[in-house]
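Here is the structure we will look at.
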Amino acid sequence: EMSRHGLKSFFQNNLVQIAGTFAAGALFGSLVERWISRKKDQLIHLLQQQLYLRDRRQQYTGEVADDLNKRCQVYETLLMDPSKEAELEEKKQHRDGGELRVVVGSANPCKVDACRKAFHLAFPTRVIVLLPYHVGSGVSDQPMTDAESRKGAKNRASKALEAHLKQQPNRAVEFAVGLEGGVNESDDGKLECHAWMCVHHVNSNTDGFARSGSFALPLEVTKLVRGGMELGAADDKVFQRTKSGQGSGTVGLLTHNVIDRCEYYKHALVLALVPFVNPKLYLKTTEE
């Protein structure tokens with residue numbers, strides 16, 4: 001009898017602690033279950049991303065393919081041991097951040113490749129998807145001033161975005177790019193070659209502009225261009241080539257391919273992307 005009374009008294013006096021213990025146990029069990037579920041979902045996501053990247057990398061060559069291979073290796077490492085995520089982050093081995101879709105106002109392979117490389121450098125955690133459109137520049141076939149080339153780049157970006165919205169209105173894009181090569185008279189009377197880049201950020205309706213370096217054209221090429229011939233055609237005639245504009249370009253010919261046309265455009269494109277890789281410094285927020 002005393003024993004039963006003592007047991008009853010014990011439960012009455014310690015009811016709160018006992019209830020708390022059971023509640024804590026239930027909560028712990030729930031947390032463990034949620035943790036296991038989250039880890040499972042994480043592993044499934046990692047596997048999906050790895051398979052996606054393996055498929056995408058078949059479409060690329062060179063440095064882009066090499067980077068995709070490295071990211072596949074990151075996923076393989078995480079699949080084997082998810083606890084290494086922090087270690088990989090410290091080593092700046094980027095996880096994939098999804099597709100970044102960009103429309104380009106040109107179907108020229110050199111210009112498209114320059115865009116792919118520039119965006120890949122600026123947004124290394126994204127898979128770059130380029131959508132090229134053959135659009136006009138709205139300026140002369142051979143821009144003869146700095147201002148005309150800049151306007152042509154802006155027009156190409158705008159027209160590429162317009163074309164995309166008409167053809168694929170349900171496929172959102174983040175950027176539209178226009179590239180326009182041109183020539184200008186230098187202070188010492190020589191004809192210089194240059195190129196302008198316009199990168200339009202769709203969501204903020206903001207443009208980033210940058211100009212490439214410039215260099216003097218050879219006398220024979222200068223004479224032909226001043227006579228009304230396009231620079232690419234003048235190069236073909238003087239250097240006895242075909243479609244110079246789709247290959248190494250004038251800069252490749254004159255630098256002996258130390259700088260080809262793709263690299264020439266790439267650096268200017270990276271500079272045009274500066275506002276968008278530093279949005280807090282350049283882009284206005286809705287609160288302002």
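By order of appearance in the structure tokens: chains A, B, ..., then residues from 1 within every chain, and ligands from 1 in the order shown.
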
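The list of residues with at least one atom within 6 Å of region 266-283 of chain A, based on only C-alpha atoms and without residues fewer than 3 positions apart in the same chain, reads Ala114, Ala118, Gly208, Phe209, Ala210, Arg211, Ser212 and Glu263 of chain A.
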
All strand (DSSP E or B) residues (DSSP, backbone) inside region 76-218 of chain A, as an MDAnalysis selection string: chainID A and resid 99:104 127:132 175:185 191:201 206:211 215:216

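Distance-wise, CA of Lys159 (chain A) and CA of Ile259 (chain A) end up 29.1 Å apart.
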
Which residues of region 167-262 of chain A come within 10 Å of region 131-137 of chain A, and what is each one's closest atom pair and distance in Å (one decimal), counting only C-alpha atoms, sorted by chain and residue number, as JSON lines?
{"residue": "A:Val173", "atom": "CA", "partner": "A:Leu131", "partner_atom": "CA", "distance": 9.2}
{"residue": "A:Ala176", "atom": "CA", "partner": "A:Leu131", "partner_atom": "CA", "distance": 9.2}
{"residue": "A:Val177", "atom": "CA", "partner": "A:Pro132", "partner_atom": "CA", "distance": 9.4}
{"residue": "A:Gly178", "atom": "CA", "partner": "A:Ser137", "partner_atom": "CA", "distance": 8.6}
{"residue": "A:Leu179", "atom": "CA", "partner": "A:Ser137", "partner_atom": "CA", "distance": 9.1}
{"residue": "A:Glu180", "atom": "CA", "partner": "A:Ser137", "partner_atom": "CA", "distance": 7.7}

Non-local contacts of Ser204 (chain A) (9 Å; only C-alpha atoms; under 3 positions in same chain excluded) as a list in words: His200, His201, Asp207, Leu283 and Lys284 of chain A

Proximity to Phe215 (chain A) - best of A:Leu231, A:Asp260, A:Asp236, A:Cys193, only C-alpha atoms: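 For Phe215 (chain A), the nearest of the given residues is A:Cys193.
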